[in-house]
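Colleague: I'd like to ask you about the structure that follows.
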Amino acid sequence: MRICVMVCAHVGPDLADVLDPYLEMFRRLLAPHLPEATINGSMIIEGTFPASVEDHDVYVFTGSPHGVYEDLDWIRRAEQFVRDAAAAGKVLIGGCFGHQLIAQALGGTVVKSDKGWGIGVHTHPVLRREAWMDGGPDRPNVVVSHQDQVVEAPQGAVVLAGTEFCPNAMLRIGEKILTFQGHPEMTIPIVDRLLDLREQRVGAEVFAAGKASLQKPLDHDAMGAWIAGFIRQALDASAGKTVAAE
């Protein structure tokens with residue numbers, strides 16, 4: 001199993017002591033649940049893309065401080081890569097910016113939400129539990145840091161988790177694409193620092209609520225297991241194996 005983490009962000013000096021490179025964070029999230037996988041990365045934010053969509057079995061698109069609607073060459077290239085990889089039957093995973101990127105590339109709509117900032121630890125109730133979501137909570141707690149949202153999912157997408165604030169918190173698009181608004185690769189010290197850095201931008205009420213939310217236990221390991229389960233199911237289906245469905 002060959003996984004490529006498509007890195008959409010640099011780690012700035014104001015986060016370097018709490019935020020590891022995205023490749024390492026996703027290795028920590030996924031490797032315990034996918035010991036058979038080889039996990040490498042491409043710095044697509046720097047214009048470095050895999051030579052072909054056939055180079056890997058799975059592509060994981062990370063978060064980013066950028067908006068998917070920005071007119072940047074690497075974002076346009078990433079959208080086309082998503083479409084090409086989807087057409088080739090590759091497994092695609094997206095978190096935060098990656099969730100929005102995949103949705104937009106496949107016909108959905110992403111905007112800077114008028115609901116404002118989501119930052120801290122949010123609870124995303126599961127609206128539909130599928131076979132690969134074996135175990136884990138019905139209301140997972142996950143780190144979030146976003147103002148942009150998917151407001152219109154691609155045609156045929158299934159909403160797996162959502163809230164009034166973020167209705168499209170987790171999507172399955174077809175049988176081989178899974179995206180989520182949260183950051184299960186991140187830790188409490190990271191979002192704590194993000195809150196401090198963005199206090200003036202998010203406003204006093206959101207800042208206070210975000211700080212209070214850091215007391216919630218995280219369900220990131222369960223989400224890592226879900227992502228691994230989805231990847232295995234999608235790859236087994238590609239290989240022609242029978243997969244039980246609920």
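Residues in the structure tokens are named by chain (A, B, ... in the order shown) and by number from 1 within that chain; ligands are numbered from 1 in the order shown.
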Could you list, as a ChimeraX atom specification, every residue within 12 Å of Lys112 (chain A), counting only C-alpha atoms and ignoring same-chain residues fewer than 2 positions away?

Modeller: /A:66-70,97,100,109-110,114-118,146-151

Colleague: Could you give me the residues within region 20-187 of chain A that DSSP places in strand (DSSP E or B), as an NGL selection string?

Modeller: :A and (38-42 or 58-61 or 91-95 or 109-112 or 118-123 or 126 or 141-146 or 148-152 or 157-161 or 170-173 or 177-180)

Colleague: Would you mind telling me which residue in A:Arg198, A:Ser42, A:His124, A:Val143 lies nearest to Glu164 (chain A) when using only C-alpha atoms?

Modeller: A:His124

Colleague: Using only C-alpha atoms, can you tell me which of A:Gly95, A:Asp55, A:Arg83, A:Lys176 comes closest to Leu235 (chain A)?

Modeller: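 Looking at the shortest contact to Leu235 (chain A), the residue is A:Lys176.
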
Colleague: Please, what distance in Å, to one decimal, runs between CA of Ala86 (chain A) and CA of Gly182 (chain A)?

Modeller: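 Calculated distance between CA of Ala86 (chain A) and CA of Gly182 (chain A) is 21.9 Å.
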
Colleague: Would you list the contacts of Met25 (chain A) as number ranges by chain, taking every protein, DNA or RNA residue within 12 Å and counting only C-alpha atoms, but skipping same-chain residues closer than 2 positions in sequence?

Modeller: A: 5, 7, 11, 18-23, 27-31, 39-41, 60, 62-63, 183-187, 190, 220, 224

Colleague: Here is a test: counting only C-alpha atoms, which residue of A:Arg2, A:His99, A:Arg201, A:Arg139 is nearest to Met170 (chain A)?

Modeller: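 Closest residue, counting only C-alpha atoms: A:His99.
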